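Data block for upload.txt (compact mmCIF, C-alpha atoms):
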```txt
# COMPACT_ATOMS: atom_id res chain seq x y z
CA PHE Q 8 97.18 143.31 31.42
CA SER Q 9 95.31 140.62 33.34
CA ARG Q 10 96.34 138.07 30.74
CA ALA Q 11 100.04 138.39 31.49
CA VAL Q 12 99.76 137.60 35.19
CA ARG Q 13 96.96 135.06 35.22
CA PRO Q 14 97.98 131.40 35.11
CA LEU Q 15 97.12 129.55 31.90
CA GLY Q 16 93.85 127.68 32.03
CA PRO Q 17 93.33 124.14 30.80
CA TYR Q 18 92.13 125.34 27.39
CA ASP Q 19 94.76 128.04 26.82
CA THR Q 20 97.67 127.76 24.46
CA ASP Q 21 101.02 129.08 25.67
CA GLU Q 22 102.01 130.08 22.14
CA LYS Q 23 102.98 133.68 21.46
CA VAL Q 24 99.89 135.86 21.23
CA THR Q 25 99.45 137.70 17.91
CA PRO Q 26 100.16 141.43 18.38
CA TYR Q 27 96.94 143.37 19.00
CA GLN Q 28 97.72 145.70 16.10
CA GLN Q 29 97.79 142.79 13.62
CA ALA Q 30 94.84 140.97 15.15
CA THR Q 31 92.72 144.11 14.70
CA THR Q 32 93.83 145.18 11.21
CA TYR Q 33 93.93 141.88 9.31
CA ASN Q 34 90.36 140.66 9.37
CA ASN Q 35 87.88 138.80 7.25
CA PHE Q 36 84.54 140.44 7.91
CA TYR Q 37 82.78 140.64 4.55
CA GLU Q 38 79.98 142.74 6.06
CA PHE Q 39 82.48 145.60 5.87
CA GLY Q 40 84.13 144.56 2.59
CA THR Q 41 86.20 141.74 1.13
CA ASP Q 42 89.60 143.35 1.70
CA LYS Q 43 91.40 142.43 4.93
CA SER Q 44 91.83 146.12 5.73
CA ASP Q 45 88.16 147.07 5.18
CA PRO Q 46 86.89 146.00 8.63
CA ALA Q 47 89.39 148.09 10.63
CA ARG Q 48 88.81 151.07 8.35
CA LEU Q 49 85.02 150.95 8.49
CA ALA Q 50 84.19 149.40 11.87
CA ALA Q 51 83.72 152.78 13.53
CA SER Q 52 80.31 152.92 11.86
CA LEU Q 53 79.11 149.86 13.79
CA LYS Q 54 76.94 150.86 16.74
CA THR Q 55 77.21 148.12 19.37
CA ARG Q 56 75.01 149.71 22.06
CA PRO Q 57 72.10 149.37 22.47
CA TRP Q 58 72.25 145.80 21.14
CA THR Q 59 69.84 143.00 21.70
CA VAL Q 60 70.04 139.29 21.04
CA ARG Q 61 66.91 137.38 20.12
CA ILE Q 62 66.72 133.88 21.46
CA ASP Q 63 64.15 131.59 19.90
CA GLY Q 64 63.41 128.22 18.34
CA GLU Q 65 63.46 125.07 20.43
CA VAL Q 66 63.90 126.74 23.83
CA ARG Q 67 61.59 126.82 26.84
CA LYS Q 68 61.93 130.60 27.27
CA PRO Q 69 62.20 132.50 23.97
CA MET Q 70 63.25 136.08 24.65
CA THR Q 71 65.02 139.17 23.42
CA VAL Q 72 67.80 140.13 25.76
CA ASP Q 73 70.03 143.19 25.99
CA ILE Q 74 73.73 142.42 25.43
CA ASP Q 75 74.73 143.90 28.81
CA THR Q 76 72.15 141.76 30.60
CA LEU Q 77 73.25 138.67 28.70
CA GLN Q 78 76.87 139.37 29.58
CA SER Q 79 76.02 139.88 33.25
CA TRP Q 80 74.71 136.31 33.48
CA PHE Q 81 78.23 134.91 33.38
CA PRO Q 82 81.60 135.74 34.90
CA LEU Q 83 83.96 136.74 32.09
CA GLU Q 84 86.90 134.43 31.40
CA ASP Q 85 90.09 134.75 29.37
CA ARG Q 86 90.83 132.15 26.72
CA VAL Q 87 93.98 132.14 24.62
CA TYR Q 88 93.01 130.21 21.50
CA ARG Q 89 94.59 129.47 18.15
CA MET Q 90 92.55 130.72 15.21
CA ARG Q 91 93.04 129.08 11.80
CA CYS Q 92 91.54 130.75 8.74
CA VAL Q 93 90.43 128.54 5.84
CA GLU Q 94 92.70 130.70 3.63
CA GLY Q 95 95.82 129.24 5.26
CA TRP Q 96 96.86 131.74 7.92
CA SER Q 97 96.51 131.65 11.68
CA MET Q 98 96.71 133.80 14.81
CA VAL Q 99 96.75 133.33 18.57
CA MET Q 100 93.91 135.32 20.10
CA PRO Q 101 93.42 136.28 23.77
CA TRP Q 102 89.62 136.28 23.94
CA LEU Q 103 87.48 137.48 26.81
CA GLY Q 104 83.98 136.06 27.19
CA PHE Q 105 82.03 133.09 28.51
CA PRO Q 106 81.54 129.45 27.50
CA LEU Q 107 78.71 128.91 25.05
CA ALA Q 108 77.57 125.83 27.00
CA GLY Q 109 76.55 128.00 29.96
CA LEU Q 110 74.38 130.15 27.73
CA ILE Q 111 72.75 127.19 25.98
CA ARG Q 112 71.94 125.49 29.28
CA ARG Q 113 70.42 128.68 30.62
CA LEU Q 114 68.12 128.86 27.58
CA GLU Q 115 66.78 125.37 28.38
CA PRO Q 116 66.63 123.70 24.97
CA THR Q 117 63.58 121.49 24.36
CA GLY Q 118 63.97 117.81 23.55
CA LYS Q 119 63.72 118.63 19.84
CA ALA Q 120 66.76 120.93 19.79
CA LYS Q 121 69.63 119.37 17.84
CA TYR Q 122 71.45 122.39 16.40
CA VAL Q 123 72.26 125.96 17.33
CA GLN Q 124 71.90 128.58 14.62
CA PHE Q 125 73.55 131.99 14.93
CA THR Q 126 72.52 135.00 12.86
CA ALA Q 127 74.58 138.16 12.47
CA LEU Q 128 73.27 141.70 12.19
CA LEU Q 129 71.69 142.66 8.86
CA ASP Q 130 72.08 146.40 8.33
CA PRO Q 131 73.54 147.67 5.03
CA LYS Q 132 73.71 151.17 6.57
CA GLN Q 133 76.28 150.03 9.12
CA PHE Q 134 77.68 147.18 7.04
CA PRO Q 135 78.60 148.62 3.62
CA GLY Q 136 79.66 145.15 2.41
CA GLN Q 137 76.04 144.02 2.68
CA ARG Q 138 75.16 146.36 -0.19
CA GLN Q 139 76.94 143.84 -2.45
CA PRO Q 140 75.59 140.33 -2.93
CA VAL Q 141 79.00 138.75 -2.29
CA LEU Q 142 77.35 136.41 0.22
CA LYS Q 143 73.74 135.77 1.16
CA TRP Q 144 73.03 138.24 3.97
CA PRO Q 145 72.62 138.05 6.90
CA TYR Q 146 75.55 135.80 7.73
CA VAL Q 147 74.36 132.57 9.36
CA GLU Q 148 76.41 129.94 11.14
CA GLY Q 149 75.57 126.88 13.15
CA LEU Q 150 76.81 124.10 15.36
CA ARG Q 151 75.52 120.70 16.34
CA LEU Q 152 74.17 120.91 19.90
CA ASP Q 153 76.93 118.70 21.31
CA GLU Q 154 79.55 120.91 19.62
CA ALA Q 155 77.93 123.99 21.13
CA LEU Q 156 77.98 122.37 24.57
CA HIS Q 157 81.69 121.52 24.32
CA PRO Q 158 83.73 123.45 26.90
CA LEU Q 159 85.98 124.91 24.15
CA ALA Q 160 83.05 126.63 22.39
CA PHE Q 161 83.10 130.23 23.53
CA MET Q 162 81.25 133.51 23.12
CA ALA Q 163 83.67 136.44 23.04
CA VAL Q 164 82.82 139.99 24.08
CA GLY Q 165 86.40 141.19 24.49
CA LEU Q 166 89.92 140.85 23.15
CA ASP Q 167 93.16 141.24 25.09
CA GLY Q 168 91.32 142.47 28.18
CA ARG Q 169 89.51 145.19 26.24
CA VAL Q 170 86.02 145.51 24.77
CA LEU Q 171 85.86 143.63 21.46
CA PRO Q 172 86.66 145.97 18.53
CA GLY Q 173 84.03 146.22 15.79
CA GLN Q 174 86.31 144.62 13.21
CA ASN Q 175 86.67 141.54 15.41
CA GLY Q 176 82.92 141.02 15.69
CA ALA Q 177 81.65 143.30 18.46
CA PRO Q 178 79.68 143.11 20.59
CA LEU Q 179 79.26 139.34 20.61
CA ARG Q 180 80.89 136.65 18.51
CA LEU Q 181 81.28 132.91 18.46
CA VAL Q 182 84.71 131.29 18.88
CA VAL Q 183 85.10 127.60 18.03
CA PRO Q 184 88.88 127.19 17.84
CA TRP Q 185 88.94 123.71 16.30
CA LYS Q 186 87.05 124.92 13.22
CA TYR Q 187 88.03 127.26 10.40
CA GLY Q 188 87.63 130.94 11.18
CA PHE Q 189 84.50 131.46 9.09
CA LYS Q 190 82.50 129.41 11.62
CA ASN Q 191 83.22 132.10 14.22
CA ILE Q 192 80.25 134.30 13.33
CA LYS Q 193 80.56 137.95 14.35
CA SER Q 194 78.12 140.58 15.63
CA VAL Q 195 75.47 138.02 16.60
CA VAL Q 196 71.87 139.26 16.99
CA ARG Q 197 69.99 135.98 17.13
CA ILE Q 198 70.51 132.52 18.53
CA THR Q 199 68.02 129.86 17.44
CA LEU Q 200 67.86 126.29 18.65
CA THR Q 201 66.72 124.13 15.75
CA GLU Q 202 65.76 120.59 14.94
CA LYS Q 203 67.30 120.71 11.47
CA GLN Q 204 70.87 121.49 10.45
CA PRO Q 205 71.11 125.23 9.74
CA GLN Q 206 71.87 126.47 6.22
CA THR Q 207 75.15 128.23 6.83
CA THR Q 208 76.45 131.12 4.75
CA TRP Q 209 79.68 129.74 3.26
CA ALA Q 210 78.25 126.27 2.75
CA LEU Q 211 75.46 127.92 0.71
CA ALA Q 212 77.91 130.11 -1.23
CA ALA Q 213 80.23 127.26 -2.30
CA PRO Q 214 79.08 123.85 -1.05
CA GLN Q 215 82.02 121.99 -2.67
CA GLU Q 216 84.49 124.20 -0.83
CA TYR Q 217 82.98 124.89 2.59
CA GLY Q 218 81.06 122.35 4.61
CA PHE Q 219 78.84 122.64 7.67
CA TYR Q 220 81.45 121.13 10.00
CA ALA Q 221 84.52 123.03 8.73
CA ASN Q 222 86.79 121.29 11.22
CA VAL Q 223 90.43 122.23 10.67
CA ASN Q 224 91.81 119.23 8.81
CA PRO Q 225 95.23 119.14 7.12
CA ALA Q 226 94.27 115.91 5.34
CA VAL Q 227 91.32 117.42 3.47
CA PRO Q 228 92.49 120.09 1.02
CA HIS Q 229 90.33 122.97 -0.06
CA PRO Q 230 89.57 122.25 -3.73
CA ARG Q 231 91.80 125.15 -4.74
CA TRP Q 232 94.59 125.01 -2.15
CA SER Q 233 96.20 122.68 0.35
CA GLN Q 234 95.29 122.85 4.03
CA ALA Q 235 98.42 120.98 5.12
CA THR Q 236 100.27 124.12 6.21
CA GLU Q 237 99.50 127.59 7.49
CA ARG Q 238 101.28 130.86 8.06
CA ARG Q 239 101.15 132.19 11.60
CA ILE Q 240 100.65 135.93 11.22
CA GLY Q 241 103.94 137.63 12.07
CA GLU Q 242 106.04 134.75 10.73
CA LEU Q 243 107.45 134.35 7.22
CA GLY Q 244 107.56 130.59 6.89
CA ARG Q 245 104.76 128.07 7.12
CA ARG Q 246 104.03 125.56 9.85
CA LYS Q 247 102.18 122.27 9.69
CA THR Q 248 98.46 122.52 10.32
CA LEU Q 249 97.29 120.24 13.14
CA PRO Q 250 94.11 118.13 13.02
CA PHE Q 251 91.27 120.07 14.70
CA ASN Q 252 93.73 122.98 14.91
CA GLY Q 253 95.60 121.22 17.71
CA TYR Q 254 92.46 120.52 19.76
CA ALA Q 255 92.04 116.89 18.61
CA GLU Q 256 92.49 115.53 22.13
CA GLN Q 257 89.51 117.55 23.32
CA VAL Q 258 87.11 117.40 20.36
CA ALA Q 259 87.91 114.39 18.14
CA GLY Q 260 85.43 112.32 20.16
CA LEU Q 261 82.55 114.48 18.90
CA TYR Q 262 83.08 113.07 15.42
CA ARG Q 263 83.69 109.40 16.17
CA GLY Q 264 82.34 107.21 13.38
CA MET Q 265 82.01 110.10 10.94
CA ASP Q 266 83.81 110.27 7.60
CA LEU Q 267 85.44 113.68 7.91
CA ARG Q 268 86.40 113.65 4.24
CA ARG Q 269 82.74 113.71 3.36
CA SER Q 270 81.54 115.78 6.32
CA PHE Q 271 84.20 118.43 5.81
CA MET U 1 108.31 149.37 -4.49
CA LEU U 2 107.36 146.02 -3.01
CA ILE U 3 110.62 145.91 -1.09
CA LEU U 4 110.00 149.42 0.26
CA ASP U 5 106.49 148.39 1.26
CA ALA U 6 107.79 145.29 2.97
CA LEU U 7 110.39 147.25 4.95
CA SER U 8 107.92 149.91 6.02
CA GLY U 9 105.35 147.32 7.07
CA ALA U 10 102.91 148.59 4.45
CA LEU U 11 102.40 145.03 3.22
CA GLY U 12 100.45 144.42 6.40
CA ALA U 13 100.10 141.44 8.68
CA ASN U 14 100.59 138.86 5.93
CA PRO U 15 103.29 140.35 3.68
CA ILE U 16 103.94 137.18 1.64
CA GLN U 17 100.31 136.82 0.69
CA ARG U 18 100.09 140.52 -0.12
CA ALA U 19 103.26 140.42 -2.25
CA THR U 20 101.94 137.38 -4.11
CA LEU U 21 98.69 139.17 -4.88
CA GLN U 22 100.39 142.42 -5.91
CA THR U 23 102.95 140.83 -8.24
CA GLY U 24 100.18 138.71 -9.77
CA LEU U 25 97.99 141.73 -10.40
CA LEU U 26 100.91 143.71 -11.82
CA THR U 27 101.69 140.85 -14.21
CA LEU U 28 98.13 140.83 -15.45
CA VAL U 29 97.93 144.63 -15.78
CA LEU U 30 101.23 144.79 -17.69
CA LEU U 31 100.22 141.92 -19.98
CA ILE U 32 96.93 143.65 -20.71
CA LEU U 33 98.73 146.95 -21.38
CA SER U 34 101.15 145.23 -23.78
CA LEU U 35 98.20 143.67 -25.57
CA ALA U 36 96.41 147.02 -25.68
CA CYS U 37 99.16 148.52 -27.86
CA THR U 38 97.98 147.04 -31.14
CA PRO U 39 94.26 147.77 -30.64
CA LEU U 40 95.22 151.31 -29.63
CA ARG U 41 97.24 151.72 -32.84
CA LEU U 42 94.40 150.29 -34.89
CA LEU U 43 91.92 152.70 -33.32
CA THR U 44 94.02 155.86 -33.25
CA GLY U 45 96.77 155.38 -35.79
CA TRP U 46 99.36 156.29 -33.15
CA THR U 47 102.69 154.55 -33.46
CA TRP U 48 104.13 155.14 -29.96
CA PRO U 49 102.21 152.27 -28.32
CA ALA U 50 103.98 149.77 -30.58
CA ARG U 51 107.33 151.11 -29.40
CA ILE U 52 106.66 150.46 -25.69
CA ARG U 53 104.99 147.10 -26.30
CA LYS U 54 108.17 145.06 -25.87
CA THR U 55 109.09 146.82 -22.61
CA LEU U 56 105.62 146.19 -21.22
CA GLY U 57 105.74 142.55 -22.23
CA LEU U 58 109.15 142.02 -20.66
CA LEU U 59 108.09 143.79 -17.47
CA ALA U 60 105.04 141.52 -17.34
CA PHE U 61 107.31 138.50 -17.64
CA GLY U 62 109.57 139.90 -14.90
CA TYR U 63 106.65 140.28 -12.50
CA ALA U 64 105.30 136.84 -13.43
CA ALA U 65 108.70 135.36 -12.58
CA LEU U 66 108.79 137.28 -9.28
CA HIS U 67 105.23 136.14 -8.50
CA PHE U 68 106.36 132.54 -9.08
CA LEU U 69 109.51 133.00 -6.97
CA ILE U 70 107.44 134.33 -4.06
CA TYR U 71 105.15 131.32 -4.41
CA LEU U 72 108.20 129.02 -4.33
CA PHE U 73 109.62 130.84 -1.31
CA ASP U 74 106.24 130.55 0.41
CA HIS U 75 106.37 126.80 -0.08
CA GLY U 76 109.96 126.49 1.13
CA PHE U 77 111.24 125.87 -2.44
CA ASP U 78 109.69 122.40 -2.15
CA LEU U 79 109.54 121.27 -5.77
CA THR U 80 107.56 118.12 -4.96
CA LEU U 81 104.89 120.26 -3.35
CA MET U 82 104.96 122.59 -6.34
CA THR U 83 104.56 119.74 -8.83
CA GLU U 84 101.65 118.41 -6.79
CA ASP U 85 100.02 121.85 -6.78
CA VAL U 86 100.50 122.27 -10.52
CA LEU U 87 99.03 118.84 -11.28
CA LYS U 88 96.22 118.81 -8.73
CA ARG U 89 94.93 122.36 -8.56
CA PRO U 90 93.50 123.83 -11.75
CA PHE U 91 94.04 127.34 -10.42
CA ILE U 92 97.80 126.71 -10.10
CA THR U 93 97.87 124.77 -13.40
CA ALA U 94 96.46 127.80 -15.23
CA GLY U 95 98.93 130.22 -13.66
CA PHE U 96 101.92 127.95 -14.19
CA THR U 97 101.01 127.28 -17.83
CA ALA U 98 100.68 131.02 -18.43
CA LEU U 99 104.16 131.55 -17.00
CA LEU U 100 105.62 128.75 -19.17
CA LEU U 101 104.02 130.30 -22.26
CA LEU U 102 105.68 133.62 -21.48
CA VAL U 103 109.18 132.09 -21.37
CA PRO U 104 109.67 131.62 -25.16
CA LEU U 105 108.18 135.07 -25.73
CA ALA U 106 110.70 136.70 -23.41
CA LEU U 107 113.53 134.68 -24.99
CA THR U 108 112.57 135.80 -28.49
CA SER U 109 112.08 139.46 -27.64
CA THR U 110 115.30 140.57 -29.35
CA PRO U 111 115.40 142.01 -32.90
CA GLY U 112 117.79 139.17 -33.77
CA ALA U 113 115.17 136.58 -32.87
CA VAL U 114 112.67 138.17 -35.25
CA THR U 115 115.16 137.86 -38.09
CA ARG U 116 116.09 134.31 -37.20
CA LEU U 117 112.50 133.11 -36.92
CA GLY U 118 111.15 135.16 -39.75
CA PHE U 119 108.48 137.74 -39.09
CA GLN U 120 105.52 135.44 -39.76
CA ARG U 121 106.66 132.68 -37.41
CA TRP U 122 107.71 135.19 -34.77
CA THR U 123 104.27 136.82 -34.92
CA ARG U 124 102.52 133.48 -34.65
CA LEU U 125 104.71 132.51 -31.70
CA HIS U 126 103.90 135.76 -29.95
CA GLN U 127 100.20 135.15 -30.36
CA LEU U 128 100.78 132.79 -27.39
CA SER U 129 100.46 135.92 -25.29
CA TYR U 130 96.70 135.83 -26.01
CA VAL U 131 96.55 132.39 -24.40
CA ALA U 132 98.82 133.49 -21.56
CA VAL U 133 96.74 136.53 -20.63
CA SER U 134 93.52 134.51 -20.77
CA LEU U 135 95.01 131.83 -18.52
CA GLY U 136 96.26 134.58 -16.22
CA ALA U 137 92.76 135.98 -15.86
CA LEU U 138 91.38 132.48 -15.27
CA HIS U 139 94.10 131.89 -12.62
CA TYR U 140 92.98 135.10 -10.89
CA TYR U 141 89.29 134.17 -11.14
CA TRP U 142 89.86 130.72 -9.64
CA GLY U 143 92.19 132.12 -6.99
CA VAL U 144 89.79 134.52 -5.27
CA LYS U 145 87.65 133.21 -2.45
CA GLN U 146 84.28 134.71 -3.23
CA ASP U 147 84.21 138.24 -4.65
CA HIS U 148 84.58 137.59 -8.38
CA THR U 149 83.96 141.16 -9.53
CA PRO U 150 87.63 142.26 -9.91
CA PRO U 151 88.71 139.23 -12.00
CA LEU U 152 85.61 139.62 -14.15
CA ILE U 153 86.55 143.25 -14.85
CA TYR U 154 89.99 142.10 -16.01
CA ALA U 155 88.39 139.41 -18.18
CA ALA U 156 86.04 141.98 -19.72
CA VAL U 157 88.96 144.28 -20.60
CA ILE U 158 90.82 141.38 -22.21
CA ALA U 159 87.74 140.37 -24.19
CA THR U 160 87.23 143.94 -25.38
CA LEU U 161 90.83 144.14 -26.60
CA PHE U 162 90.42 140.86 -28.52
CA LEU U 163 87.20 142.14 -30.04
CA ILE U 164 88.84 145.35 -31.25
CA ARG U 165 91.56 143.31 -32.95
CA LEU U 166 89.00 141.09 -34.64
CA LEU U 167 86.73 143.88 -35.80
CA LYS U 168 89.53 146.11 -36.97
CA ARG U 169 91.54 143.45 -38.76
CA ARG U 170 88.97 141.31 -40.54
CA PRO U 171 87.67 143.87 -43.03
CA ALA U 172 91.19 145.01 -43.88
CA ARG U 173 92.34 141.45 -44.47
CA GLN U 174 89.32 140.56 -46.57
CA ALA U 175 89.78 143.62 -48.73
CA GLY U 176 93.48 143.04 -49.25
CA SER U 177 93.59 139.28 -49.76
CA ARG U 178 92.72 137.43 -52.90
CA PRO U 179 90.53 134.35 -52.74
CA ALA U 180 92.68 131.28 -52.10
CA LYS U 181 91.26 129.31 -54.97
CA PRO U 182 89.67 130.68 -58.10
```
Is it possible to express this structure as structure tokens?
Amino acid sequence: FSRAVRPLGPYDTDEKVTPYQQATTYNNFYEFGTDKSDPARLAASLKTRPWTVRIDGEVRKPMTVDIDTLQSWFPLEDRVYRMRCVEGWSMVMPWLGFPLAGLIRRLEPTGKAKYVQFTALLDPKQFPGQRQPVLKWPYVEGLRLDEALHPLAFMAVGLDGRVLPGQNGAPLRLVVPWKYGFKNIKSVVRITLTEKQPQTTWALAAPQEYGFYANVNPAVPHPRWSQATERRIGELGRRKTLPFNGYAEQVAGLYRGMDLRRSF
Amino acid sequence: MLILDALSGALGANPIQRATLQTGLLTLVLLILSLACTPLRLLTGWTWPARIRKTLGLLAFGYAALHFLIYLFDHGFDLTLMTEDVLKRPFITAGFTALLLLVPLALTSTPGAVTRLGFQRWTRLHQLSYVAVSLGALHYYWGVKQDHTPPLIYAAVIATLFLIRLLKRRPARQAGSRPAKP
């Protein structure tokens, strides 16, 4: 509702938003199962309150904070972002949340902090997919500190003006729209500032296929399929995939001097 | 059924991808069923499986062709892109080779073809289906992102069927054949 009347912000796309029904029934969330329909079917079992987030590592004030308290630190903003899955499909998602940079600054990283590591909930009772060793649980993702401080990096707690559904990563998930979807870790319970590059889940599972950076890049194919095109959910044809998922103007500078074919 | 699913929205948010997966799986299932006919006859002595074998094989080819057509549609019938995929991506190479191997089998599925080729040559030609089904399973294995359990189940079924053929045929052949050289 609020999304329709509010003017577009500097980071919003004006592309057609993916229907809520599709955005909440076609999900990759292996904690619930590997089928796209598993998350929506099983997410009711995820208890998102009470929920705490542990904050530790290279920060001045390590703490465990309740999700509602954490959320109350920041005014909630809408962000309409493109989301590009590494499998070759994409959506346009109207997130609700707060910039990650604000959170990181509030945690006061020490001089040693170079990376941010995110850890998702480990609970095979609520996450039936974790009873299978499809991936190394819990799911871990990470960003370089400068990536995490970029104004596009976002923590979502809602979708389309509503509380985030379980299948979309409730109650707290990362959104980095210039990277492949698997970087956007869901149901976060721990944020750790680290000196060393985190060992991230998909990069551990198949290092030749999924790198730490995972920037959307049409020029670097996945070893088993091309990344040159994508299907926008709701459309039949394919469209060209844009470098950094169309956010090159904002984020390309973060990677100046890097060989993105090697650091994929 | 696929068309009905597509019209009713049952194919979900990404119908093309879903249709690709479903036709691929159906191809593999039908190929496996057609290759299960002989082992089933060897084990049970029933003759009816042999009678539906051809239908199953042709259906498998039909679904393989449909699977390929959906892939082509998905890539805007861009043959350059397809050639690139076939040459560069082992997963596509395996699937495409399997489809090519099925073409002569479908073409020679008539009783006339058996007579023309002679039974022995026809049989040998149709042993290509063993290669095709194995490549199909490999194509599936390489195609999935991470959860390899389903393709491994298919591979295990295929391996079991091959094993039954081997175990059931060898003794019979040894008993019936004379040594090649005295």
Name the closest residue to chain Q among the candidates U:His67, U:Arg116, U:His139, U:Arg53; distances are taken between atoms, counting all atoms listed in the file.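 Under the stated criterion, the closest residue is U:His139.
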Nearby residues (only C-alpha atoms) at most 10 Å from Ala160 of chain Q, same-chain spacing under 2 positions excluded, as a list of chain:residue names: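 So the residues in contact are Q:Phe105, Q:Pro106, Q:Leu107, Q:Ala108, Q:Leu150, Q:Glu154, Q:Ala155, Q:Leu156, Q:His157, Q:Pro158, Q:Met162, Q:Ala163, Q:Leu181, Q:Val182, Q:Val183, Q:Pro184, Q:Trp185, Q:Asn191.
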Set the cut-off to 10 Å and count all atoms listed in the file: what are the residues of chain U that reach chain Q? Output as a compact mmCIF listing (two decimals) with C-alpha atoms, keeping the file's coordinate frame.
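Result saved to selection.txt:
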```txt
# COMPACT_ATOMS: atom_id res chain seq x y z
CA GLY U 12 100.45 144.42 6.40
CA ALA U 13 100.10 141.44 8.68
CA ASN U 14 100.59 138.86 5.93
CA PRO U 15 103.29 140.35 3.68
CA ILE U 16 103.94 137.18 1.64
CA GLN U 17 100.31 136.82 0.69
CA PHE U 73 109.62 130.84 -1.31
CA ASP U 74 106.24 130.55 0.41
CA HIS U 75 106.37 126.80 -0.08
CA GLY U 76 109.96 126.49 1.13
CA LEU U 81 104.89 120.26 -3.35
CA GLU U 84 101.65 118.41 -6.79
CA ASP U 85 100.02 121.85 -6.78
CA LYS U 88 96.22 118.81 -8.73
CA ARG U 89 94.93 122.36 -8.56
CA PRO U 90 93.50 123.83 -11.75
CA PHE U 91 94.04 127.34 -10.42
CA ILE U 92 97.80 126.71 -10.10
CA TRP U 142 89.86 130.72 -9.64
CA GLY U 143 92.19 132.12 -6.99
CA VAL U 144 89.79 134.52 -5.27
CA LYS U 145 87.65 133.21 -2.45
CA GLN U 146 84.28 134.71 -3.23
CA ASP U 147 84.21 138.24 -4.65
CA HIS U 148 84.58 137.59 -8.38
CA THR U 149 83.96 141.16 -9.53
```
When distances are computed from only C-alpha atoms, which of Q:Ser270, Q:Gln257, Q:Ser52, Q:Thr208 shows the smallest separation from Phe189 of chain Q?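 Selected residue with least distance to Phe189 of chain Q: Q:Thr208.
Proximity of Q:Glu65, Q:Phe36, Q:Asn252, Q:Val164 to Ser79 of chain Q, computed with all atoms listed in the file, is greatest for Q:Val164.
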Which residues are close to Lys186 of chain Q, i.e. within 7 Å by only C-alpha atoms, leaving aside same-chain residues fewer than 2 positions away? Reply as an MDAnalysis selection string. chainID Q and resid 183:184 188 190 221:223 251
The selected residues should be written to file as a short mmCIF file (atom, residue, chain, number, x, y, z; two decimals), in the frame of the given file (atoms: C-alpha atoms).
```cif
data_model
loop_
_atom_site.label_atom_id
_atom_site.label_comp_id
_atom_site.auth_asym_id
_atom_site.auth_seq_id
_atom_site.Cartn_x
_atom_site.Cartn_y
_atom_site.Cartn_z
CA VAL Q 183 85.10 127.60 18.03
CA PRO Q 184 88.88 127.19 17.84
CA GLY Q 188 87.63 130.94 11.18
CA LYS Q 190 82.50 129.41 11.62
CA ALA Q 221 84.52 123.03 8.73
CA ASN Q 222 86.79 121.29 11.22
CA VAL Q 223 90.43 122.23 10.67
CA PHE Q 251 91.27 120.07 14.70
#
```
What would segment 28-36 of chain U look like with N, CA, C and O atoms in place, written as a short mmCIF file (atom, residue, chain, number, x, y, z; two decimals), in the coordinates of the input?
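For reference, part03.cif as written:
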```cif
data_model
loop_
_atom_site.label_atom_id
_atom_site.label_comp_id
_atom_site.auth_asym_id
_atom_site.auth_seq_id
_atom_site.Cartn_x
_atom_site.Cartn_y
_atom_site.Cartn_z
N LEU U 28 99.32 140.81 -14.61
CA LEU U 28 98.13 140.83 -15.45
C LEU U 28 97.92 142.22 -16.08
O LEU U 28 97.63 142.34 -17.27
N VAL U 29 98.11 143.26 -15.27
CA VAL U 29 97.93 144.63 -15.78
C VAL U 29 98.93 144.90 -16.91
O VAL U 29 98.57 145.42 -17.98
N LEU U 30 100.20 144.52 -16.69
CA LEU U 30 101.23 144.79 -17.69
C LEU U 30 100.98 143.98 -18.97
O LEU U 30 101.17 144.50 -20.08
N LEU U 31 100.54 142.74 -18.81
CA LEU U 31 100.22 141.92 -19.98
C LEU U 31 99.08 142.57 -20.78
O LEU U 31 99.12 142.65 -22.01
N ILE U 32 98.07 143.02 -20.05
CA ILE U 32 96.93 143.65 -20.71
C ILE U 32 97.38 144.92 -21.42
O ILE U 32 97.01 145.18 -22.57
N LEU U 33 98.24 145.72 -20.75
CA LEU U 33 98.73 146.95 -21.38
C LEU U 33 99.51 146.62 -22.65
O LEU U 33 99.36 147.29 -23.67
N SER U 34 100.36 145.57 -22.59
CA SER U 34 101.15 145.23 -23.78
C SER U 34 100.23 144.78 -24.92
O SER U 34 100.50 145.04 -26.09
N LEU U 35 99.13 144.12 -24.54
CA LEU U 35 98.20 143.67 -25.57
C LEU U 35 97.23 144.77 -26.00
O LEU U 35 96.46 144.58 -26.94
N ALA U 36 97.26 145.90 -25.29
CA ALA U 36 96.41 147.02 -25.68
C ALA U 36 97.09 147.87 -26.75
O ALA U 36 96.45 148.71 -27.39
#
```
